[in-house]
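Chemist: Following this line is query.txt, made up of compact mmCIF, C-alpha atoms:
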```txt
# COMPACT_ATOMS: atom_id res chain seq x y z
CA MET A 1 9.09 28.97 6.29
CA ASN A 2 12.05 27.02 7.69
CA TYR A 3 9.73 25.54 10.31
CA ASN A 4 7.38 24.34 7.56
CA LYS A 5 10.27 22.80 5.65
CA TYR A 6 11.49 20.93 8.71
CA ILE A 7 8.01 19.53 9.37
CA LEU A 8 7.61 18.48 5.73
CA CYS A 9 11.07 16.90 5.75
CA SER A 10 10.18 15.00 8.92
CA LEU A 11 6.92 13.81 7.34
CA VAL A 12 8.67 12.43 4.25
CA ILE A 13 11.40 10.77 6.35
CA ILE A 14 8.86 9.10 8.64
CA VAL A 15 6.75 7.80 5.75
CA SER A 16 9.90 6.54 4.02
CA MET A 17 11.00 4.70 7.17
CA ILE A 18 7.62 3.04 7.52
CA LEU A 19 7.64 1.97 3.87
CA ILE A 20 11.26 0.81 3.83
CA PHE A 21 11.03 -1.24 7.01
CA GLU A 22 7.45 -2.46 6.57
CA VAL A 23 7.61 -6.19 7.25
CA GLU A 24 6.29 -7.28 3.87
CA ILE A 25 9.19 -5.65 2.00
CA ARG A 26 11.89 -8.26 1.49
CA SER A 27 14.11 -9.76 -1.21
CA ILE A 28 14.44 -6.38 -2.93
CA GLY A 29 16.00 -6.83 -6.36
CA THR A 30 14.98 -10.43 -6.98
CA LEU A 31 11.89 -12.26 -8.18
CA GLU A 32 12.05 -14.80 -5.36
CA MET A 33 10.11 -14.16 -2.18
CA ASP A 34 11.73 -15.32 1.04
CA THR A 35 9.50 -16.86 3.67
CA VAL A 36 8.87 -14.40 6.48
CA GLU A 37 6.62 -15.25 9.39
CA SER A 38 3.65 -13.09 10.29
CA THR A 39 4.34 -9.92 12.20
CA GLU A 40 4.72 -10.49 15.90
CA LEU A 41 4.24 -7.44 18.05
CA LEU A 42 7.08 -8.25 20.44
CA SER A 43 9.53 -9.99 18.09
CA ILE A 44 12.99 -8.51 17.72
CA SER A 45 14.07 -8.22 14.11
CA LEU A 46 15.51 -5.57 11.81
CA LEU A 47 12.52 -6.11 9.50
CA ARG A 48 10.17 -5.30 12.37
CA ILE A 49 11.66 -2.01 13.53
CA SER A 50 8.81 -0.47 11.54
CA ILE A 51 6.95 -0.71 14.86
CA PHE A 52 9.07 2.22 16.02
CA GLY A 53 8.31 3.98 12.74
CA PHE A 54 4.62 3.80 13.60
CA LEU A 55 5.27 5.50 16.93
CA LEU A 56 7.37 8.35 15.52
CA PRO A 57 4.47 10.36 14.02
CA ILE A 58 2.53 10.20 17.28
CA ILE A 59 5.65 11.27 19.21
CA PHE A 60 6.16 14.17 16.78
CA ALA A 61 2.49 15.13 17.08
CA TYR A 62 2.84 15.13 20.87
CA LEU A 63 6.03 17.22 20.83
CA PHE A 64 4.49 19.83 18.52
CA GLY A 65 1.22 19.99 20.47
CA TYR A 66 -1.04 18.34 17.88
CA LEU A 67 -1.86 15.17 19.81
CA TYR A 68 -4.65 16.53 21.98
CA PRO A 69 -6.63 18.14 19.09
CA ILE A 70 -6.29 14.92 17.07
CA PHE A 71 -7.67 12.58 19.69
CA TYR A 72 -10.34 14.78 21.23
CA ASN A 73 -12.08 16.59 18.38
CA THR A 74 -13.72 13.88 16.26
CA ARG A 75 -16.63 11.63 17.17
CA LEU A 76 -15.66 9.20 14.42
CA LEU A 77 -12.28 8.79 16.10
CA TYR A 78 -14.04 7.77 19.31
CA LEU A 79 -15.85 5.07 17.35
CA LEU A 80 -12.59 3.80 15.86
CA VAL A 81 -10.95 3.65 19.28
CA LEU A 82 -13.92 1.72 20.64
CA CYS A 83 -13.73 -0.72 17.70
CA PHE A 84 -10.03 -1.20 18.36
CA ILE A 85 -10.63 -1.93 22.04
CA TYR A 86 -13.49 -4.24 21.06
CA GLY A 87 -11.30 -6.16 18.61
CA VAL A 88 -8.64 -6.66 21.29
CA PHE A 89 -11.31 -7.66 23.84
CA VAL A 90 -12.81 -10.33 21.57
CA PHE A 91 -9.27 -11.49 20.74
CA PHE A 92 -8.66 -12.31 24.41
CA ILE A 93 -12.16 -13.68 25.03
CA ARG A 94 -11.79 -16.14 22.14
CA ASN A 95 -8.20 -16.90 23.07
CA ASN A 96 -7.02 -16.28 19.51
CA PRO A 97 -3.37 -17.13 18.81
CA PHE A 98 -0.86 -14.44 19.69
CA LYS A 99 1.40 -15.24 16.74
CA GLY A 100 0.33 -12.89 13.96
CA PHE A 101 -1.57 -10.63 16.36
CA GLY A 102 0.82 -7.78 15.60
CA GLY A 103 -0.16 -7.84 11.94
CA ASP A 104 -3.75 -6.79 12.62
CA ILE A 105 -2.63 -4.32 15.28
CA LEU A 106 -0.28 -2.56 12.87
CA VAL A 107 -2.91 -2.45 10.13
CA TYR A 108 -5.33 -0.74 12.49
CA PHE A 109 -2.62 1.34 14.16
CA GLY A 110 -1.60 2.67 10.74
CA LEU A 111 -4.79 4.75 10.70
CA PHE A 112 -3.74 6.65 13.83
CA THR A 113 -0.18 6.96 12.53
CA GLY A 114 -1.43 8.44 9.26
CA LEU A 115 -3.75 10.80 11.13
CA SER A 116 -0.77 12.07 13.11
CA LEU A 117 1.23 12.50 9.88
CA GLY A 118 -1.57 14.54 8.32
CA ALA A 119 -1.90 16.72 11.40
CA LEU A 120 1.85 17.39 11.41
CA LEU A 121 1.59 19.29 8.15
CA PRO A 122 1.59 23.05 8.84
CA ASN A 123 -1.63 24.77 7.84
CA LYS A 124 -0.12 26.18 4.65
CA GLN A 125 -1.38 25.39 1.16
CA ASN A 126 2.06 24.90 -0.34
CA THR A 127 3.14 22.56 2.47
CA ILE A 128 0.02 20.43 2.19
CA ALA A 129 0.39 20.25 -1.61
CA ALA A 130 4.05 19.30 -1.23
CA GLY A 131 3.30 16.68 1.43
CA LEU A 132 0.60 15.01 -0.66
CA THR A 133 2.68 15.10 -3.82
CA LEU A 134 5.93 13.80 -2.30
CA THR A 135 4.33 10.98 -0.32
CA SER A 136 2.76 9.83 -3.58
CA ALA A 137 5.61 10.50 -6.02
CA ILE A 138 8.58 9.20 -4.00
CA PRO A 139 7.22 5.64 -3.44
CA THR A 140 6.16 5.56 -7.12
CA PHE A 141 9.73 6.42 -8.12
CA PHE A 142 11.26 3.71 -5.90
CA ALA A 143 8.75 1.10 -7.06
CA THR A 144 9.50 2.00 -10.69
CA VAL A 145 13.25 1.64 -10.15
CA LEU A 146 12.68 -1.68 -8.39
CA LEU A 147 10.50 -3.09 -11.17
CA PHE A 148 12.92 -1.98 -13.87
CA SER A 149 15.76 -3.72 -12.02
CA LEU A 150 14.04 -7.09 -12.16
CA PRO A 151 15.15 -9.59 -14.82
CA GLY A 152 13.16 -9.28 -18.04
CA ALA A 153 11.55 -5.97 -17.19
CA ASP A 154 11.96 -4.30 -20.57
CA PHE A 155 9.47 -1.45 -20.55
CA MET A 156 9.21 -1.00 -24.29
CA SER A 157 8.84 -4.61 -25.38
CA SER A 158 6.24 -7.22 -24.65
CA PHE A 159 6.71 -9.50 -21.66
CA GLU A 160 4.43 -11.32 -19.29
CA ARG A 161 3.32 -9.94 -15.97
CA THR A 162 6.12 -8.79 -13.65
CA THR A 163 5.34 -8.63 -9.95
CA HIS A 164 7.20 -8.23 -6.71
CA PRO A 165 5.83 -7.95 -3.15
CA SER A 166 7.94 -4.89 -2.41
CA ALA A 167 6.51 -3.04 -5.41
CA PHE A 168 2.95 -3.65 -4.24
CA ILE A 169 3.78 -2.34 -0.76
CA LEU A 170 5.57 0.73 -2.12
CA LEU A 171 2.63 1.52 -4.40
CA GLY A 172 0.15 1.29 -1.55
CA LEU A 173 0.41 5.00 -0.72
CA PRO A 174 0.40 6.25 -4.34
CA LEU A 175 -2.65 4.10 -5.03
CA SER A 176 -4.53 6.16 -2.47
CA LEU A 177 -2.81 9.54 -2.60
CA ALA A 178 -2.35 10.02 -6.35
CA ALA A 179 -5.84 11.42 -7.01
CA PRO A 180 -5.92 13.77 -3.98
CA SER A 181 -2.46 15.12 -4.86
CA MET A 182 -3.58 15.71 -8.46
CA ILE A 183 -6.73 17.54 -7.36
CA TYR A 184 -5.04 19.56 -4.63
CA SER A 185 -2.26 20.71 -6.94
CA ILE A 186 -4.93 22.02 -9.33
CA PHE A 187 -6.68 23.86 -6.49
CA HIS A 188 -3.39 25.29 -5.28
CA ARG A 189 -2.35 26.24 -8.83
CA ASN A 190 1.35 25.57 -8.20
CA VAL A 191 2.85 24.52 -11.54
CA LYS A 192 5.66 22.53 -9.91
CA TRP A 193 3.36 20.35 -7.81
CA ILE A 194 0.91 20.00 -10.69
CA ALA A 195 3.65 18.63 -12.94
CA ILE A 196 5.08 16.23 -10.33
CA SER A 197 1.75 14.90 -9.10
CA TRP A 198 0.25 14.36 -12.55
CA LEU A 199 3.43 12.84 -13.98
CA SER A 200 3.78 10.38 -11.08
CA ALA A 201 0.08 9.48 -11.42
CA GLY A 202 0.62 8.78 -15.12
CA VAL A 203 3.62 6.58 -14.33
CA LEU A 204 1.59 4.75 -11.67
CA LEU A 205 -1.24 4.07 -14.12
CA VAL A 206 1.10 2.89 -16.89
CA ILE A 207 3.09 0.60 -14.58
CA THR A 208 -0.08 -0.86 -13.11
CA ILE A 209 -1.43 -1.73 -16.56
CA LEU A 210 1.70 -2.71 -18.49
CA ILE A 211 4.02 -4.24 -15.88
CA LEU A 212 2.06 -5.33 -12.81
CA GLN A 213 -1.09 -6.07 -14.82
CA THR A 214 -3.05 -6.41 -11.60
CA ARG A 215 -6.73 -6.16 -12.45
CA SER A 216 -8.10 -4.89 -9.16
CA GLN A 217 -5.35 -2.29 -8.76
CA THR A 218 -5.79 -1.14 -12.37
CA ILE A 219 -9.51 -0.62 -11.87
CA ALA A 220 -8.92 1.32 -8.64
CA VAL A 221 -6.15 3.51 -10.09
CA THR A 222 -8.04 4.16 -13.33
CA LEU A 223 -11.18 5.13 -11.44
CA SER A 224 -9.27 7.47 -9.11
CA VAL A 225 -7.50 9.12 -12.07
CA ILE A 226 -10.80 9.59 -13.94
CA ILE A 227 -12.30 11.18 -10.82
CA ALA A 228 -9.26 13.45 -10.49
CA VAL A 229 -9.46 14.59 -14.13
CA PHE A 230 -13.23 15.15 -13.93
CA THR A 231 -12.95 17.04 -10.64
CA SER A 232 -10.14 19.19 -12.04
CA PHE A 233 -12.29 20.24 -15.00
CA VAL A 234 -15.23 21.01 -12.69
CA THR A 235 -12.98 23.13 -10.51
CA LEU A 236 -11.51 25.05 -13.43
CA SER A 237 -15.03 25.71 -14.71
CA TYR A 238 -16.09 26.94 -11.27
CA PHE A 239 -13.23 29.41 -10.96
CA LYS A 240 -13.65 30.57 -14.56
CA ASN A 241 -17.39 31.17 -14.15
CA LYS A 242 -16.71 33.17 -11.02
CA GLY A 243 -14.69 35.53 -13.19
CA GLU A 244 -11.40 34.88 -11.43
CA LYS A 245 -8.34 35.37 -13.56
CA ARG A 246 -5.97 32.55 -12.82
CA SER A 247 -2.68 32.73 -14.64
CA SER A 248 -2.12 28.97 -14.45
CA SER A 249 -5.44 27.88 -15.99
CA LYS A 250 -3.90 27.33 -19.41
CA THR A 251 -1.00 25.49 -17.80
CA VAL A 252 -3.41 23.24 -15.94
CA LEU A 253 -5.27 22.39 -19.14
CA MET A 254 -1.97 21.66 -20.85
CA VAL A 255 -0.94 19.35 -18.00
CA ILE A 256 -4.24 17.45 -18.19
CA VAL A 257 -3.97 17.04 -21.96
CA THR A 258 -0.30 16.06 -21.66
CA PHE A 259 -1.19 13.48 -19.02
CA ILE A 260 -3.83 11.89 -21.23
CA LEU A 261 -1.50 11.89 -24.25
CA PHE A 262 1.34 10.39 -22.18
CA VAL A 263 -0.79 7.48 -21.00
CA LEU A 264 -2.34 6.80 -24.41
CA THR A 265 1.01 7.07 -26.23
CA THR A 266 2.75 4.74 -23.78
CA LEU A 267 -0.02 2.17 -24.05
CA PHE A 268 0.22 2.35 -27.84
CA ILE A 269 4.01 2.00 -27.92
CA SER A 270 3.88 -0.98 -25.59
CA LYS A 271 0.74 -2.42 -27.14
CA GLY A 272 2.02 -5.99 -26.73
CA ASN A 273 1.85 -5.62 -22.96
CA PHE A 274 -1.47 -3.84 -23.21
CA ILE A 275 -3.01 -6.63 -25.31
CA TYR A 276 -1.72 -9.21 -22.83
CA PHE A 277 -3.36 -7.21 -20.02
CA LEU A 278 -6.65 -7.02 -21.91
CA LEU A 279 -6.57 -10.80 -22.25
CA ARG A 280 -6.15 -11.05 -18.47
CA MET A 281 -9.12 -8.74 -18.04
CA SER A 282 -11.23 -10.86 -20.38
CA ASN A 283 -10.61 -13.87 -18.13
CA VAL A 284 -12.87 -12.21 -15.57
CA TYR A 285 -15.84 -13.62 -17.49
CA GLU A 286 -14.46 -17.11 -16.77
CA PHE A 287 -13.87 -16.39 -13.11
CA GLN A 288 -14.68 -19.94 -12.02
CA SER A 289 -11.55 -21.20 -13.76
CA ASP A 290 -9.37 -18.11 -13.44
CA GLY A 291 -6.30 -18.81 -11.29
CA GLY A 292 -6.44 -15.43 -9.62
CA ILE A 293 -10.17 -15.05 -9.01
CA ALA A 294 -11.44 -18.56 -8.23
CA PRO A 295 -9.26 -19.18 -5.13
CA ARG A 296 -10.25 -15.81 -3.71
CA LEU A 297 -13.94 -16.49 -4.20
CA GLU A 298 -13.48 -19.78 -2.37
CA GLU A 299 -12.21 -17.88 0.67
CA VAL A 300 -15.62 -16.38 1.37
CA PRO A 301 -17.63 -19.59 1.96
CA LEU A 302 -14.68 -21.14 3.81
CA VAL A 303 -14.44 -18.27 6.27
CA PHE A 304 -18.08 -17.40 6.81
CA GLY A 305 -19.20 -21.01 6.62
CA SER A 306 -17.02 -21.72 9.66
CA MET A 307 -18.87 -19.06 11.70
CA ASP A 308 -22.21 -19.47 13.46
CA ILE A 309 -24.84 -16.74 13.85
CA PHE A 310 -23.30 -15.54 17.10
CA ASP A 311 -19.88 -15.24 15.43
CA HIS A 312 -21.37 -13.19 12.59
CA ILE A 313 -22.90 -10.75 15.08
CA ILE A 314 -19.98 -10.17 17.46
CA GLY A 315 -17.09 -11.01 15.12
CA MET A 316 -14.00 -13.13 15.75
CA GLY A 317 -11.69 -10.39 17.06
CA PHE A 318 -8.18 -9.56 15.92
CA ASN A 319 -6.09 -12.38 14.43
CA PRO A 320 -8.99 -14.86 14.17
CA VAL A 321 -8.36 -18.58 13.81
CA SER A 322 -8.60 -19.23 10.08
CA PRO A 323 -9.54 -22.16 7.84
CA LEU A 324 -7.53 -20.62 4.96
CA ILE A 325 -4.34 -22.22 3.64
CA ASP A 326 -2.15 -20.69 0.93
CA TRP A 327 -0.50 -22.56 -1.96
CA LYS A 328 2.60 -23.16 0.18
CA GLY A 329 0.54 -24.81 2.91
CA ASN A 330 0.79 -21.86 5.31
CA PRO A 331 -2.32 -20.62 7.15
CA TYR A 332 -3.42 -17.00 6.69
CA ASN A 333 -6.34 -14.97 8.01
CA ASN A 334 -6.72 -11.99 5.67
CA THR A 335 -9.25 -12.50 2.91
CA HIS A 336 -8.31 -10.93 -0.42
CA VAL A 337 -11.68 -9.19 -0.43
CA GLY A 338 -10.37 -6.77 2.16
CA ILE A 339 -13.64 -5.28 3.32
CA LEU A 340 -14.80 -8.70 4.53
CA ASN A 341 -12.00 -8.67 7.10
CA ILE A 342 -14.02 -6.03 8.96
CA TRP A 343 -17.01 -8.39 9.11
CA TRP A 344 -14.75 -11.28 10.12
CA ARG A 345 -13.12 -9.39 12.99
CA PHE A 346 -15.80 -7.00 14.26
CA GLY A 347 -19.08 -8.57 13.18
CA PHE A 348 -21.80 -7.77 10.68
CA PRO A 349 -23.19 -4.65 12.50
CA VAL A 350 -19.80 -2.90 12.30
CA PHE A 351 -19.47 -3.99 8.66
CA LEU A 352 -22.85 -2.37 7.89
CA GLY A 353 -21.76 0.75 9.77
CA VAL A 354 -18.63 1.09 7.62
CA ASN A 355 -20.70 0.80 4.43
CA TYR A 356 -23.18 3.36 5.75
CA LEU A 357 -20.38 5.84 6.47
CA PHE A 358 -19.02 5.32 2.95
CA LEU A 359 -22.43 6.00 1.39
CA ARG A 360 -22.81 9.16 3.48
CA LEU A 361 -19.42 10.39 2.31
CA LEU A 362 -20.30 9.57 -1.30
CA VAL A 363 -23.53 11.59 -1.06
CA LYS A 364 -21.61 14.47 0.51
CA TYR A 365 -19.06 14.32 -2.32
CA PHE A 366 -21.74 14.56 -5.03
CA HIS A 367 -23.42 17.43 -3.19
CA SER A 368 -20.06 19.23 -3.08
CA LEU A 369 -19.61 18.81 -6.83
CA LYS A 370 -23.17 20.00 -7.40
CA ASN A 371 -22.49 23.13 -5.36
CA LEU A 372 -19.55 23.93 -7.64
CA CYS A 373 -21.50 23.31 -10.84
CA ILE A 374 -24.70 25.25 -10.06
CA GLN A 375 -24.26 29.01 -9.70
CA SER A 376 -27.25 29.42 -7.38
CA LEU A 377 -25.54 27.10 -4.88
CA TRP A 378 -22.20 28.89 -4.79
CA ASN A 379 -23.11 30.44 -1.46
CA LYS A 380 -22.83 26.92 0.00
CA VAL A 381 -19.25 26.47 -1.21
CA ASP A 382 -16.77 26.66 1.66
CA ASN A 383 -13.51 25.08 2.78
CA GLU A 384 -15.30 21.86 3.71
CA THR A 385 -16.59 21.60 0.14
CA PHE A 386 -13.05 21.54 -1.22
CA ALA A 387 -11.82 19.25 1.58
CA THR A 388 -14.52 16.73 0.64
CA ILE A 389 -13.68 16.92 -3.07
CA ILE A 390 -9.97 16.44 -2.39
CA CYS A 391 -10.19 13.56 0.09
CA THR A 392 -13.20 11.52 -1.06
CA PRO A 393 -11.52 9.99 -4.16
CA VAL A 394 -9.06 8.11 -1.94
CA VAL A 395 -11.93 6.56 0.01
CA ILE A 396 -13.70 5.62 -3.23
CA SER A 397 -10.61 3.93 -4.69
CA ILE A 398 -9.85 2.07 -1.45
CA PHE A 399 -13.46 0.95 -1.13
CA ILE A 400 -13.47 -0.30 -4.72
CA ILE A 401 -10.25 -2.27 -4.36
CA SER A 402 -11.33 -3.64 -0.97
CA CYS A 403 -14.35 -5.18 -2.70
CA MET A 404 -12.04 -6.98 -5.15
CA SER A 405 -8.58 -7.66 -3.75
CA GLY A 406 -6.86 -5.57 -1.11
CA GLY A 407 -7.79 -2.82 1.30
CA TRP A 408 -6.77 -4.49 4.56
CA GLY A 409 -3.15 -3.37 4.74
CA ILE A 410 -0.76 -0.95 6.42
CA PRO A 411 -0.27 1.43 3.44
CA THR A 412 -4.05 1.66 3.05
CA THR A 413 -4.73 2.70 6.63
CA ILE A 414 -1.75 5.08 6.69
CA SER A 415 -3.00 6.88 3.58
CA LEU A 416 -6.55 7.04 4.96
CA GLY A 417 -5.18 8.57 8.15
CA ILE A 418 -3.09 11.12 6.23
CA LEU A 419 -6.11 12.24 4.19
CA TRP A 420 -8.22 12.40 7.33
CA GLY A 421 -5.69 14.72 8.94
CA ILE A 422 -5.53 16.89 5.81
CA TYR A 423 -9.33 16.99 5.63
CA GLU A 424 -9.44 18.35 9.18
CA LEU A 425 -6.80 20.96 8.32
CA ILE A 426 -8.74 22.26 5.33
CA ALA A 427 -12.35 21.88 6.49
CA ASN A 428 -11.82 23.44 9.92
CA ASN A 429 -9.62 26.29 8.72
CA ARG A 430 -11.16 29.63 9.58
CA ASN A 431 -8.91 31.45 7.13
CA VAL A 432 -9.67 31.90 3.46
CA TYR A 433 -8.33 28.84 1.66
CA PHE A 434 -9.82 28.39 -1.78
CA ILE A 435 -12.65 30.87 -1.39
CA LYS A 436 -11.69 34.26 -2.76
```
Now that the file is in, can you turn its structure into structure tokens?

Modeler:
Amino acid sequence: MNYNKYILCSLVIIVSMILIFEVEIRSIGTLEMDTVESTELLSISLLRISIFGFLLPIIFAYLFGYLYPIFYNTRLLYLLVLCFIYGVFVFFIRNNPFKGFGGDILVYFGLFTGLSLGALLPNKQNTIAAGLTLTSAIPTFFATVLLFSLPGADFMSSFERTTHPSAFILLGLPLSLAAPSMIYSIFHRNVKWIAISWLSAGVLLVITILILQTRSQTIAVTLSVIIAVFTSFVTLSYFKNKGEKRSSSKTVLMVIVTFILFVLTTLFISKGNFIYFLLRMSNVYEFQSDGGIAPRLEEVPLVFGSMDIFDHIIGMGFNPVSPLIDWKGNPYNNTHVGILNIWWRFGFPVFLGVNYLFLRLLVKYFHSLKNLCIQSLWNKVDNETFATIICTPVVISIFIISCMSGGWGIPTTISLGILWGIYELIANNRNVYFIK
């Protein structure tokens, strides 16, 4: 037990270090955003010691003997390594600028870091539930404190949108891990983790709508929460129909109802903010004149119009030369529609491959739900069924937001890696996990 606690403690510390020292977190406590140059892989700066944070999980995985199983057991991992090498190869062939190269490397490297973090969790239900819950709840707490410390951030009265770059970075992990932590806590039936995970998810949803008022993030969070609630009800129905007496079933139902009431009550109390957010959402219909949507739509023809057919096939490699200029006059090479960055860097065939893998996972997810709902298919329910149900919502939410605004970022790839590691823990476990 002490060993498990030490591993969990190390996991939380490592994730916290990565989040705290991630290069995009700056000017904490103010509304101004200081100018910080793009990440350079070899630059020496206190803000860039996150590079060492990315290495820590892999070092821990090596010391505890998890490194070899991680990097030699998955065919998909081979494909990702090949894509990484390919991106670096095209980078050198095209002689792309080195300045900013570290940014893309860390985004991609975050996937392997997260995978190591997930593998570090001991194969115990309570430890996995705690790891998921804490890595979602702790950043949500810090982001909430940060936003409330900003001038004018009065939670209970109407005010216009309040944003801060640090808050968006801190909420990157909760955006992805909230739904899996909610679902896993229900499967595990631990009242403590149920309460923490569902409360932090409710706070995340409320803050996203009322304070940040970011449309793409709201859609992604709302969708992931809806999936979590629906999946929880399906799971409870499955266990009930199997005749299993679970002492926490009533508690789970109470938590779900309390969660819904908390969100609805908060939205009603702060209805001024909610109305302002709805007005922002209605501007989507006038996207050609909307200050947030129109510039992002213009990125697509600018980027892909500068590429010839050969460029579309082989991609532009990491840190591609970009025609994009921000409102300050600084060049940038990450489109807001995050999924298009895959096309830009690796080419259209790889982009199609990513979409194909997502569709396969989506089909597998629906089949897993069907196996839980139909009694004649219960013989097909195994640990992999529950692993798919737990981990797929994060992929759905990330895919959705990557089609609108986001997805190509360090918190995103870290959370994907963490869920991948947890998926392997659950799906490949020979012991009885959720099957009684």

Chemist: Tell me which of A:Val234, A:Leu134, A:Val337, A:Met254 sits closest to Ala201 (chain A), counting only C-alpha atoms.

Modeler: A:Leu134

Chemist: Point out the residue among A:Arg215, A:His312, A:Arg75, A:Lys192 with the least atom-to-atom distance to Asn341 (chain A), counting all atoms listed in the file.

Modeler: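 Closest candidate: A:His312.
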
Chemist: For Ile186 (chain A), which of A:Val394, A:Val255, A:Val221, A:Leu55 is the closest residue, counting all atoms listed in the file?

Modeler: A:Val255

Chemist: In Å, with one decimal, what is the gap from CA of Gln217 (chain A) to CA of Tyr332 (chain A)?

Modeler: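 Separating CA of Gln217 (chain A) from CA of Tyr332 (chain A) is a distance of 21.4 Å.
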
Chemist: List as a list in words the protein and nucleic acid residues near Ser136 (chain A), meaning an atom at most 10 Å away when only C-alpha atoms are counted, but skip any in the same chain fewer than 4 places from it.

Modeler: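 These residues fall inside the cut-off: Ala130, Gly131, Leu132, Thr140, Phe141, Leu170, Leu171, Gly172, Leu173, Pro174, Leu175, Ser176, Leu177, Ala178, Ala179, Pro180, Ser181, Met182, Ile196, Ser197, Ser200, Ala201, Leu204 and Ser415 of chain A.
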
Chemist: Just need the box for region 214-226 of chain A, edges along x, y and z, holding every atom the file lists for it with 6 Å tacked onto each side, so centre and edge lengths in Å to one decimal, as lines of an AutoDock Vina configuration file.

Modeler:
```
center_x = -7.1
center_y = 1.6
center_z = -11.3
size_x = 20.1
size_y = 28.0
size_z = 17.3
```

Chemist: Please determine, counting only C-alpha atoms, which residue among A:Phe60, A:Trp408, A:Trp420, A:Phe277 has the shortest atom-to-atom distance to Thr335 (chain A).

Modeler: A:Trp408

Chemist: Using all atoms listed in the file, which residue out of A:Gly272, A:Gly338, A:Gly114, A:Pro331 lies closest to Arg296 (chain A)?

Modeler: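 The answer is A:Gly338, which sits nearest to Arg296 (chain A).
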
Chemist: Between CA of Ile211 (chain A) and CA of Thr412 (chain A), what distance in Å does the model show, to one decimal?

Modeler: 21.4 Å

Chemist: Step by step: start from the point (-9.2, -25.3, 8.0) in the file's coordinates, keep every protein, DNA or RNA residue that has an atom no farther than 7 Å from it, count all atoms listed in the file, and write the set as a ChimeraX atom specification.

Modeler: /A:322-324

Chemist: Calculated over all atoms listed in the file, which of the candidates A:Ile313, A:Ile93, A:Leu297, A:Ile105 has the smallest distance to Val350 (chain A)?

Modeler: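 Distance minimum relative to Val350 (chain A) lands on A:Ile313.
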
Chemist: Can you tell me which residues surround Leu278 (chain A) at a distance of at most 12 Å, considering only C-alpha atoms, apart from same-chain residues fewer than 2 positions away, and format the answer as a list in words?

Modeler: Arg161, Ile209, Leu210, Gln213, Thr214, Arg215, Thr218, Leu267, Lys271, Gly272, Asn273, Phe274, Ile275, Tyr276, Arg280, Met281, Ser282, Asn283 and Val284 of chain A

Chemist: When you look at Ser368 (chain A) with a cut-off of 6 Å (counting only C-alpha atoms), what residues show up, excluding the ones that are within fewer than 3 positions of it in the same chain? I need them as a compact mmCIF listing (two decimals) with C-alpha atoms, keeping the file's coordinate frame.

Modeler:
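And here is the file that came out, result_31.txt:
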```
# COMPACT_ATOMS: atom_id res chain seq x y z
CA TYR A 365 -19.06 14.32 -2.32
CA ASN A 371 -22.49 23.13 -5.36
CA THR A 385 -16.59 21.60 0.14
```

Chemist: Which residues are close to Gly317 (chain A), i.e. within 10 Å by only C-alpha atoms, leaving aside same-chain residues fewer than 5 positions away? Reply as a list in words.

Modeler: Cys83, Phe84, Ile85, Tyr86, Gly87, Val88, Phe89, Val90, Phe91, Phe92, Ile93, Arg94, Asn95, Asn96, Asp104, Asp311, Ile342, Trp343, Trp344, Arg345, Phe346 and Gly347 of chain A

Chemist: Provide the CA of Ile396 (chain A) to CA of Gly409 (chain A) distance in Å, to one decimal place.

Modeler: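 Separation between CA of Ile396 (chain A) and CA of Gly409 (chain A): 16.0 Å.
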